[in-house]
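Colleague: Attaching a single structure in structure tokens format; questions to follow.
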Amino acid sequence: MGSGSRPVMLQRPDMPPAVAQPLTLDGVTHSYGGGLAVDNVTLEVKGGELVALLGPSGCGKTTLLRIVAGFIEQSNGKVIIGERPIDTLPPSRREIGIVFQNYALFPHMTVAQNIAYGLAARGESRKVQAERVAEMLAIVQLEAMADRKPRQLSGGQQQRVALARALAIRPRILLLDEPFAALDKNLRLDMQIEIKRLQRQFALTAIMVTHDQDEAMAIADRIAVMSQGRIEQVGTPTQVYDEPASLFVNGFLGTSNLLDGTVETAGPEGYGVALNAGTRWTVASSRKFAPGEPVTVSVRPEQMVLADEAGEGRFPVSVALSLPIGGELIHDVAGPAGTSLKIAAPRRPGVSSRSAEQAFCGLADHARPSLFARS
Amino acid sequence: MAGAIAVAGGATASGERVDWRLAAPLGLTYLFFFAAPFAILLGISFYADAEQTRLGLGSWVKFYSDAFYLKVIFDTLKLGFFAVAATTLVAYPLALVFRASGPRVQRVLIFVILMPLLTSVVIRTFAWIVILAREGVVNQTLMTLGLTAAPLNLLQTELGLVIALTQIEMPLMLLPLLTIMNQMDQNLVDASRALGASQWRTFFRVVLPLTLPGWIAGATLVFASSTTAFISQTVIGGARLVYLPALIYQQATVVYNWPFAAVASLTLLFTVLAGIMALGWLGRFAKT
């Protein structure tokens with residue numbers, strides 16, 4: 001339009017207050033027919049925080065999201081935004097923005113009509129609607145697409161429209177249901193950055209549901225790992241990766257090598273564990289173990305090394321296969337007693353496999369293995 | 001046409017001829033049993049007298065200048081319109097219930113909906129006589145409840161006929177509507193609710209526009225079927241209500257005025273076609 005003298009700036013006349021509202025789930029339980037889909041989940045999402053609900057399909061994460069949105073009424077427990085329980089409010093009055101996995105754009109409406117939908121439902125005037133639509137289109141950089149139908153847009157563009165539609169109503173909470181699952185890999189990082197940017201810009205408290213640990217690690221402030229309707233662990237991405245609270249969390253995030261052994265000693269450095277593979281490691285743990293207790297030691301592939309000579313804490317292995325994956329060389333090695341391990345090492349240019357088949361395997365200097373009770 | 005066939009036939013030259021041969025049985029059947037009789041019907045309508053001795057526009061002029069026959073056309077259209085309206089009002093809520101139900105309840109509903117189709121129209125129509133008669137179930141219930149002192153006249157009225165046709169034609173409306181209703185993405189409904197729309201707003205802005213193609217298919221079937229429902233119209237409507245099918249029957253087999261019956265037949269055909277085209281136009285209008 002003809003306002004050349006105005007500086008190019010996004011107009012945000014009525015941005016939400018900078019103080020984002022916390023979202024609290026208090027003992028939320030939901031049962032379908034016979035089974036418990038969500039089992040006594042208590043979770044506090046701080047204002048402006050993005051928490052990822054991470055877990056395999058059927059772990060109850062989507063049910064939990066739909067409870068927060070109000071599409072499902074939980075059997076028990078409370079959902080609280082700020083100080084106020086919202087359980088009795090219908091979805092239309094919860095002020096929650098939600099982005100669906102398939103975006104759920106209204107196919108019979110244009111991009112602009114989709115974005116204006118929530119505003120029209122709130123009885124905003126046509127003028128306010130038009131202004132907000134223009135503003136949202138500018139924020140997601142789709143000004144040129146206002147009059148297109150959703151089917152004329154690419155996947156990434158559809159997702160940006162879905163975001164714009166959800167944010168146009170100035171929600172208090174943003175819910176993201178597997179937001180990147182339908183995007184191809186190259187686009188994912190862009191959209192992850194985009195969502196993170198918008199979430200910060202709008203000071204939104206957000207919950208993202210995903211089964212993809214990389215997505216969760218990339219944009220979540222904290223990750224709640226779910227299994228069978230329960231939250232197994234809540235923590236920052238590095239916490240849940242480095243210090244998994246259970247074997248399930250350990251296995252679900254990243255790859256890990258599991259080695260069986262027995263606790264021999266307990267000392268200030270950690271527990272002395274005799275591995276069945278035939279060596280002895282000292283492993284620190286925040287959990288308590290008694291000498292003689294059977295345990296499983298978990299080590300990430302990048303925290304193990306292959307050496308040509310035997311040494312303390314090393315055991316002999318034979319290298320079955322080496323795969324050069326980008327800058328890394330992944331070795332598939334067979335240890336004593338039929339153990340199969342994966343070891344990741346930085347790859348030197350020009351090297352595509354390991355020369356010797358026989359090697360010795362041990363912990364890297366920075367390694368922080370985890371210790372779990374074995375039944 | 002030729003272009004479309006070339007595409008369908010693929011690369012081989014013989015493919016085109018195979019396409020034609022496969023269509024031949026149906027094509028010939030249509031030629032002999034639809035196109036030819038239609039041409040004869042059209043020809044007969046241009047005889048001016050019942051004995052088919054004089055050519056002329058007499059039958060057409062007589063039909064379209066008589067207020068009685070114009071009213072028959074209007075009543076037939078009106079009946080189709082009412083049947084579509086009544087089936088719509090019943091079918092949409094039922095389709096929404098169907099959509100919200102689990103698979104087991106859906107199977108039961110489908111069975112209940114399809115059951116009328118397993119019974120002959122004649123039997124269903126006579127069943128409605130039992131229900132709507134002066135001493136029928138409806139009147140007895142109304143009188144027991146004290147809602148009416150004297151029995152209502154439902155037979156041989158347009159209201160009674162629309163009630164019966166609503167039940168008889170219901171599967172035709174419901175089947176396309178249920179199909180499209182079940183295909184609609186629940187996320188669209190949820191998205192609308194989360195954006196602050198009430199359930200009514202969600203229905204009118206999202207559910208209705210997206211299920212309109214199914215409704216148009218159903219409405220087309222109900223309209224075509226109820227305007228030509230000779231048995232139901234004559235058995236329930238009786239002699240007091242005259243619609244085009246009954247008129248054709250009278251002219252062709254009682255009065256033996258075939259040219260006039262041909263005019264009425266063509267009128268019925270065009271009436272139904274006009275209704276179908278109006279619905280189709282609505283569908284195109286809805287899509288944009």
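By order in the structure tokens, chains are A, B, ...; within a chain, residues start at 1; ligands start at 1, following the order shown.
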Using only C-alpha atoms, which residues sit within 8 Å of B:Ser265 once same-chain residues fewer than 4 positions away are excluded, as a list in words?
Modeller: Leu244, Pro245, Ile248, Ala261 and Leu269 of chain B
Colleague: Should the cut-off be 10 Å, what would the residue list for chain A against chain B look like, counting only C-alpha atoms, as number ranges by chain?
Modeller: A: 66, 69-71, 90-109, 114-123, 162, 165-169, 171
Colleague: I want to know what sits within 12 Å of A:Pro349, based on only C-alpha atoms, with residues of the same chain fewer than 6 positions away left out; could you give that as a VMD selection string?
Modeller: chain A and resid 324 to 329
Colleague: Report, in Å with one decimal, the straight-line distance from atom CA of A:Ile343 to atom CA of A:Tyr271.
Modeller: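 So the two atoms, atom CA of A:Ile343 and atom CA of A:Tyr271, lie 23.3 Å apart.
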Colleague: What's around A:Gly272 at 7 Å? Count only C-alpha atoms, leave out sequence neighbours fewer than 6 positions away in its own chain, and write the answer as a list of chain:residue names.
Modeller: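 The filter keeps A:Val263, A:Glu264, A:Thr265, A:Ala266, A:Arg280, A:Trp281, A:Thr282, A:Val283.
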Colleague: Within 12 Å of stretch 148-152 of chain B, counting only C-alpha atoms, which residues show up once you throw out same-chain ones fewer than 5 positions away? Write them as a list in words, please.
Modeller: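 Counting only C-alpha atoms, the residues come to Ile131, Leu132, Ala133, Arg134, Glu135, Gly136, Val137, Val138, Asn139, Gln140, Thr141, Leu142, Met143, Thr157, Leu159 and Gly160 of chain B.
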Colleague: How would the residues just picked look written out with C-alpha atoms as a CSV table (one decimal), in the first residue's frame?
Modeller:
chain,number,residue,atom,x,y,z
B,131,ILE,CA,-50.1,-46.1,10.3
B,132,LEU,CA,-51.7,-43.0,8.9
B,133,ALA,CA,-55.4,-44.1,8.7
B,134,ARG,CA,-58.1,-42.5,10.8
B,135,GLU,CA,-57.9,-45.5,13.2
B,136,GLY,CA,-54.2,-45.9,12.6
B,137,VAL,CA,-51.3,-45.8,15.1
B,138,VAL,CA,-50.6,-42.1,14.8
B,139,ASN,CA,-54.2,-41.0,15.4
B,140,GLN,CA,-54.7,-43.4,18.2
B,141,THR,CA,-51.6,-42.2,19.9
B,142,LEU,CA,-52.5,-38.5,19.4
B,143,MET,CA,-56.0,-39.1,20.8
B,157,THR,CA,-53.2,-35.4,2.0
B,159,LEU,CA,-48.6,-34.1,4.6
B,160,GLY,CA,-49.3,-37.8,4.8
Colleague: Write out as a PDB file with C-alpha atoms, in the first residue's frame all residues of stretch 37-268 of chain B that backbone DSSP assigns to alpha helix (DSSP H).
Modeller:
ATOM      1  CA  PRO B  37     -38.603 -45.363 -27.348  1.00  0.00           C
ATOM      2  CA  PHE B  38     -37.757 -41.801 -26.448  1.00  0.00           C
ATOM      3  CA  ALA B  39     -37.815 -40.824 -30.116  1.00  0.00           C
ATOM      4  CA  ILE B  40     -41.166 -42.594 -30.549  1.00  0.00           C
ATOM      5  CA  LEU B  41     -42.514 -40.836 -27.447  1.00  0.00           C
ATOM      6  CA  LEU B  42     -41.365 -37.502 -28.818  1.00  0.00           C
ATOM      7  CA  GLY B  43     -42.949 -38.313 -32.172  1.00  0.00           C
ATOM      8  CA  ILE B  44     -46.290 -39.341 -30.659  1.00  0.00           C
ATOM      9  CA  GLY B  58     -52.464 -29.523 -30.264  1.00  0.00           C
ATOM     10  CA  SER B  59     -51.527 -31.833 -27.352  1.00  0.00           C
ATOM     11  CA  TRP B  60     -48.764 -29.537 -26.163  1.00  0.00           C
ATOM     12  CA  VAL B  61     -50.987 -26.466 -26.397  1.00  0.00           C
ATOM     13  CA  LYS B  62     -53.828 -28.216 -24.565  1.00  0.00           C
ATOM     14  CA  PHE B  63     -51.537 -29.373 -21.755  1.00  0.00           C
ATOM     15  CA  TYR B  64     -49.749 -26.085 -21.182  1.00  0.00           C
ATOM     16  CA  SER B  65     -52.789 -23.809 -21.490  1.00  0.00           C
ATOM     17  CA  ALA B  67     -54.486 -24.377 -15.310  1.00  0.00           C
ATOM     18  CA  PHE B  68     -55.271 -27.863 -13.964  1.00  0.00           C
ATOM     19  CA  TYR B  69     -52.279 -29.463 -15.688  1.00  0.00           C
ATOM     20  CA  LEU B  70     -49.991 -26.576 -14.764  1.00  0.00           C
ATOM     21  CA  LYS B  71     -51.011 -27.132 -11.168  1.00  0.00           C
ATOM     22  CA  VAL B  72     -50.158 -30.834 -11.523  1.00  0.00           C
ATOM     23  CA  ILE B  73     -46.649 -29.848 -12.667  1.00  0.00           C
ATOM     24  CA  PHE B  74     -46.345 -27.404  -9.810  1.00  0.00           C
ATOM     25  CA  ASP B  75     -47.633 -29.956  -7.247  1.00  0.00           C
ATOM     26  CA  THR B  76     -45.176 -32.572  -8.515  1.00  0.00           C
ATOM     27  CA  LEU B  77     -42.273 -30.144  -8.172  1.00  0.00           C
ATOM     28  CA  LYS B  78     -43.538 -29.112  -4.750  1.00  0.00           C
ATOM     29  CA  LEU B  79     -43.765 -32.737  -3.633  1.00  0.00           C
ATOM     30  CA  GLY B  80     -40.151 -33.332  -4.704  1.00  0.00           C
ATOM     31  CA  PHE B  81     -39.073 -30.189  -2.898  1.00  0.00           C
ATOM     32  CA  PHE B  82     -40.874 -31.177   0.316  1.00  0.00           C
ATOM     33  CA  ALA B  83     -39.490 -34.718   0.178  1.00  0.00           C
ATOM     34  CA  VAL B  84     -35.948 -33.356  -0.208  1.00  0.00           C
ATOM     35  CA  ALA B  85     -36.481 -30.850   2.615  1.00  0.00           C
ATOM     36  CA  ALA B  86     -37.972 -33.459   4.984  1.00  0.00           C
ATOM     37  CA  THR B  87     -35.321 -36.109   4.294  1.00  0.00           C
ATOM     38  CA  THR B  88     -32.616 -33.446   4.747  1.00  0.00           C
ATOM     39  CA  LEU B  89     -33.968 -32.369   8.119  1.00  0.00           C
ATOM     40  CA  VAL B  90     -34.029 -35.956   9.350  1.00  0.00           C
ATOM     41  CA  ALA B  91     -30.877 -37.176   7.596  1.00  0.00           C
ATOM     42  CA  TYR B  92     -28.385 -34.544   8.771  1.00  0.00           C
ATOM     43  CA  PRO B  93     -28.896 -35.081  12.520  1.00  0.00           C
ATOM     44  CA  LEU B  94     -28.837 -38.840  11.961  1.00  0.00           C
ATOM     45  CA  ALA B  95     -25.636 -38.554   9.912  1.00  0.00           C
ATOM     46  CA  LEU B  96     -24.020 -36.537  12.701  1.00  0.00           C
ATOM     47  CA  VAL B  97     -25.028 -39.203  15.230  1.00  0.00           C
ATOM     48  CA  PHE B  98     -23.666 -41.867  12.886  1.00  0.00           C
ATOM     49  CA  ARG B  99     -20.368 -40.015  12.610  1.00  0.00           C
ATOM     50  CA  ALA B 100     -20.032 -39.728  16.360  1.00  0.00           C
ATOM     51  CA  PRO B 103     -18.101 -48.976  14.665  1.00  0.00           C
ATOM     52  CA  ARG B 104     -20.576 -51.341  16.347  1.00  0.00           C
ATOM     53  CA  VAL B 105     -23.346 -48.750  16.617  1.00  0.00           C
ATOM     54  CA  GLN B 106     -22.575 -47.709  13.025  1.00  0.00           C
ATOM     55  CA  ARG B 107     -23.191 -51.250  11.811  1.00  0.00           C
ATOM     56  CA  VAL B 108     -26.553 -51.345  13.602  1.00  0.00           C
ATOM     57  CA  LEU B 109     -27.511 -47.950  12.164  1.00  0.00           C
ATOM     58  CA  ILE B 110     -26.562 -49.010   8.636  1.00  0.00           C
ATOM     59  CA  PHE B 111     -28.741 -52.095   9.002  1.00  0.00           C
ATOM     60  CA  VAL B 112     -31.690 -50.033  10.241  1.00  0.00           C
ATOM     61  CA  ILE B 113     -31.212 -47.515   7.426  1.00  0.00           C
ATOM     62  CA  LEU B 114     -30.930 -50.160   4.720  1.00  0.00           C
ATOM     63  CA  MET B 115     -33.809 -52.301   5.961  1.00  0.00           C
ATOM     64  CA  PRO B 116     -36.513 -50.322   4.123  1.00  0.00           C
ATOM     65  CA  LEU B 117     -34.684 -51.080   0.863  1.00  0.00           C
ATOM     66  CA  LEU B 118     -35.105 -54.807   1.525  1.00  0.00           C
ATOM     67  CA  VAL B 121     -42.219 -50.203  -2.009  1.00  0.00           C
ATOM     68  CA  VAL B 122     -45.771 -51.558  -2.274  1.00  0.00           C
ATOM     69  CA  ILE B 123     -45.548 -53.176   1.151  1.00  0.00           C
ATOM     70  CA  ARG B 124     -43.964 -50.106   2.724  1.00  0.00           C
ATOM     71  CA  THR B 125     -46.666 -47.914   1.217  1.00  0.00           C
ATOM     72  CA  PHE B 126     -49.469 -50.106   2.511  1.00  0.00           C
ATOM     73  CA  ALA B 127     -47.800 -50.154   5.917  1.00  0.00           C
ATOM     74  CA  TRP B 128     -48.042 -46.376   5.918  1.00  0.00           C
ATOM     75  CA  ILE B 129     -51.771 -46.637   5.248  1.00  0.00           C
ATOM     76  CA  VAL B 130     -52.113 -48.685   8.422  1.00  0.00           C
ATOM     77  CA  ILE B 131     -50.086 -46.099  10.323  1.00  0.00           C
ATOM     78  CA  LEU B 132     -51.710 -42.957   8.924  1.00  0.00           C
ATOM     79  CA  VAL B 137     -51.329 -45.806  15.087  1.00  0.00           C
ATOM     80  CA  VAL B 138     -50.628 -42.088  14.760  1.00  0.00           C
ATOM     81  CA  ASN B 139     -54.189 -40.976  15.351  1.00  0.00           C
ATOM     82  CA  GLN B 140     -54.740 -43.400  18.227  1.00  0.00           C
ATOM     83  CA  THR B 141     -51.571 -42.166  19.938  1.00  0.00           C
ATOM     84  CA  LEU B 142     -52.494 -38.502  19.446  1.00  0.00           C
ATOM     85  CA  MET B 143     -55.992 -39.093  20.798  1.00  0.00           C
ATOM     86  CA  THR B 144     -54.782 -41.121  23.782  1.00  0.00           C
ATOM     87  CA  GLU B 158     -49.878 -33.936   0.956  1.00  0.00           C
ATOM     88  CA  LEU B 159     -48.612 -34.056   4.560  1.00  0.00           C
ATOM     89  CA  GLY B 160     -49.261 -37.795   4.820  1.00  0.00           C
ATOM     90  CA  LEU B 161     -47.631 -38.409   1.462  1.00  0.00           C
ATOM     91  CA  VAL B 162     -44.540 -36.401   2.424  1.00  0.00           C
ATOM     92  CA  ILE B 163     -44.300 -38.309   5.730  1.00  0.00           C
ATOM     93  CA  ALA B 164     -44.453 -41.649   3.927  1.00  0.00           C
ATOM     94  CA  LEU B 165     -42.054 -40.558   1.172  1.00  0.00           C
ATOM     95  CA  THR B 166     -39.602 -39.301   3.784  1.00  0.00           C
ATOM     96  CA  GLN B 167     -39.350 -42.780   5.227  1.00  0.00           C
ATOM     97  CA  ILE B 168     -39.401 -44.521   1.877  1.00  0.00           C
ATOM     98  CA  GLU B 169     -36.758 -42.319   0.243  1.00  0.00           C
ATOM     99  CA  MET B 170     -34.590 -41.881   3.354  1.00  0.00           C
ATOM    100  CA  PRO B 171     -31.925 -44.474   2.410  1.00  0.00           C
ATOM    101  CA  LEU B 172     -31.299 -42.618  -0.852  1.00  0.00           C
ATOM    102  CA  MET B 173     -30.499 -39.440   1.078  1.00  0.00           C
ATOM    103  CA  LEU B 174     -28.615 -41.127   3.887  1.00  0.00           C
ATOM    104  CA  LEU B 175     -26.237 -43.397   2.017  1.00  0.00           C
ATOM    105  CA  PRO B 176     -24.300 -40.694   0.130  1.00  0.00           C
ATOM    106  CA  LEU B 177     -24.509 -38.368   3.122  1.00  0.00           C
ATOM    107  CA  LEU B 178     -23.166 -40.962   5.576  1.00  0.00           C
ATOM    108  CA  THR B 179     -20.319 -41.817   3.245  1.00  0.00           C
ATOM    109  CA  ILE B 180     -19.109 -38.254   2.971  1.00  0.00           C
ATOM    110  CA  MET B 181     -19.822 -37.537   6.627  1.00  0.00           C
ATOM    111  CA  ASN B 182     -17.636 -40.446   7.685  1.00  0.00           C
ATOM    112  CA  GLN B 183     -14.811 -39.325   5.403  1.00  0.00           C
ATOM    113  CA  GLN B 186     -12.435 -34.905  12.631  1.00  0.00           C
ATOM    114  CA  ASN B 187      -9.490 -32.536  13.001  1.00  0.00           C
ATOM    115  CA  LEU B 188     -11.402 -29.958  10.930  1.00  0.00           C
ATOM    116  CA  VAL B 189     -14.244 -30.015  13.440  1.00  0.00           C
ATOM    117  CA  ASP B 190     -11.806 -29.903  16.355  1.00  0.00           C
ATOM    118  CA  ALA B 191      -9.855 -27.068  14.743  1.00  0.00           C
ATOM    119  CA  SER B 192     -13.043 -25.059  14.367  1.00  0.00           C
ATOM    120  CA  ARG B 193     -13.981 -25.633  18.012  1.00  0.00           C
ATOM    121  CA  ALA B 194     -10.506 -24.735  19.260  1.00  0.00           C
ATOM    122  CA  GLN B 199     -21.086 -26.160  17.628  1.00  0.00           C
ATOM    123  CA  TRP B 200     -23.704 -24.472  15.440  1.00  0.00           C
ATOM    124  CA  ARG B 201     -21.133 -22.259  13.790  1.00  0.00           C
ATOM    125  CA  THR B 202     -18.908 -25.278  13.226  1.00  0.00           C
ATOM    126  CA  LEU B 208     -22.283 -28.368   5.993  1.00  0.00           C
ATOM    127  CA  PRO B 209     -20.050 -26.980   3.206  1.00  0.00           C
ATOM    128  CA  LEU B 210     -17.809 -30.018   3.294  1.00  0.00           C
ATOM    129  CA  THR B 211     -20.673 -32.532   3.217  1.00  0.00           C
ATOM    130  CA  LEU B 212     -22.665 -30.637   0.574  1.00  0.00           C
ATOM    131  CA  PRO B 213     -21.528 -32.896  -2.307  1.00  0.00           C
ATOM    132  CA  GLY B 214     -23.009 -35.902  -0.451  1.00  0.00           C
ATOM    133  CA  TRP B 215     -26.216 -34.007   0.224  1.00  0.00           C
ATOM    134  CA  ILE B 216     -26.508 -33.007  -3.423  1.00  0.00           C
ATOM    135  CA  ALA B 217     -26.139 -36.625  -4.503  1.00  0.00           C
ATOM    136  CA  GLY B 218     -28.775 -37.668  -1.957  1.00  0.00           C
ATOM    137  CA  ALA B 219     -31.106 -34.789  -2.789  1.00  0.00           C
ATOM    138  CA  THR B 220     -30.892 -35.597  -6.503  1.00  0.00           C
ATOM    139  CA  LEU B 221     -31.899 -39.207  -5.868  1.00  0.00           C
ATOM    140  CA  VAL B 222     -34.712 -38.261  -3.474  1.00  0.00           C
ATOM    141  CA  PHE B 223     -36.055 -35.592  -5.819  1.00  0.00           C
ATOM    142  CA  ALA B 224     -36.022 -37.845  -8.871  1.00  0.00           C
ATOM    143  CA  SER B 225     -37.444 -40.754  -6.928  1.00  0.00           C
ATOM    144  CA  SER B 226     -40.231 -38.928  -5.081  1.00  0.00           C
ATOM    145  CA  THR B 227     -41.504 -36.967  -8.082  1.00  0.00           C
ATOM    146  CA  PHE B 230     -46.213 -43.593  -8.846  1.00  0.00           C
ATOM    147  CA  ILE B 231     -47.159 -46.259  -6.293  1.00  0.00           C
ATOM    148  CA  SER B 232     -46.774 -44.146  -3.156  1.00  0.00           C
ATOM    149  CA  GLN B 233     -48.388 -41.142  -4.807  1.00  0.00           C
ATOM    150  CA  THR B 234     -51.461 -43.049  -5.930  1.00  0.00           C
ATOM    151  CA  VAL B 235     -51.915 -45.341  -2.943  1.00  0.00           C
ATOM    152  CA  ILE B 236     -51.444 -42.694  -0.231  1.00  0.00           C
ATOM    153  CA  GLY B 237     -52.449 -39.643  -2.228  1.00  0.00           C
ATOM    154  CA  LEU B 244     -47.645 -36.279 -13.180  1.00  0.00           C
ATOM    155  CA  PRO B 245     -47.070 -40.067 -12.963  1.00  0.00           C
ATOM    156  CA  ALA B 246     -50.749 -40.698 -12.175  1.00  0.00           C
ATOM    157  CA  LEU B 247     -51.753 -38.310 -14.924  1.00  0.00           C
ATOM    158  CA  ILE B 248     -49.629 -40.200 -17.445  1.00  0.00           C
ATOM    159  CA  TYR B 249     -51.117 -43.495 -16.300  1.00  0.00           C
ATOM    160  CA  TRP B 258     -51.343 -41.352 -26.095  1.00  0.00           C
ATOM    161  CA  PRO B 259     -50.199 -38.017 -27.539  1.00  0.00           C
ATOM    162  CA  PHE B 260     -51.368 -36.284 -24.398  1.00  0.00           C
ATOM    163  CA  ALA B 261     -49.708 -38.945 -22.200  1.00  0.00           C
ATOM    164  CA  ALA B 262     -46.510 -38.426 -24.205  1.00  0.00           C
ATOM    165  CA  VAL B 263     -46.609 -34.697 -23.511  1.00  0.00           C
ATOM    166  CA  ALA B 264     -47.120 -35.390 -19.792  1.00  0.00           C
ATOM    167  CA  SER B 265     -44.271 -37.938 -19.824  1.00  0.00           C
ATOM    168  CA  LEU B 266     -41.860 -35.507 -21.444  1.00  0.00           C
ATOM    169  CA  THR B 267     -42.978 -32.827 -19.019  1.00  0.00           C
ATOM    170  CA  LEU B 268     -42.234 -35.131 -16.086  1.00  0.00           C
TER     171      LEU B 268
END
Colleague: How many Å separate atom CA of A:Pro301 from atom CA of A:Ser322?
Modeller: 13.0 Å
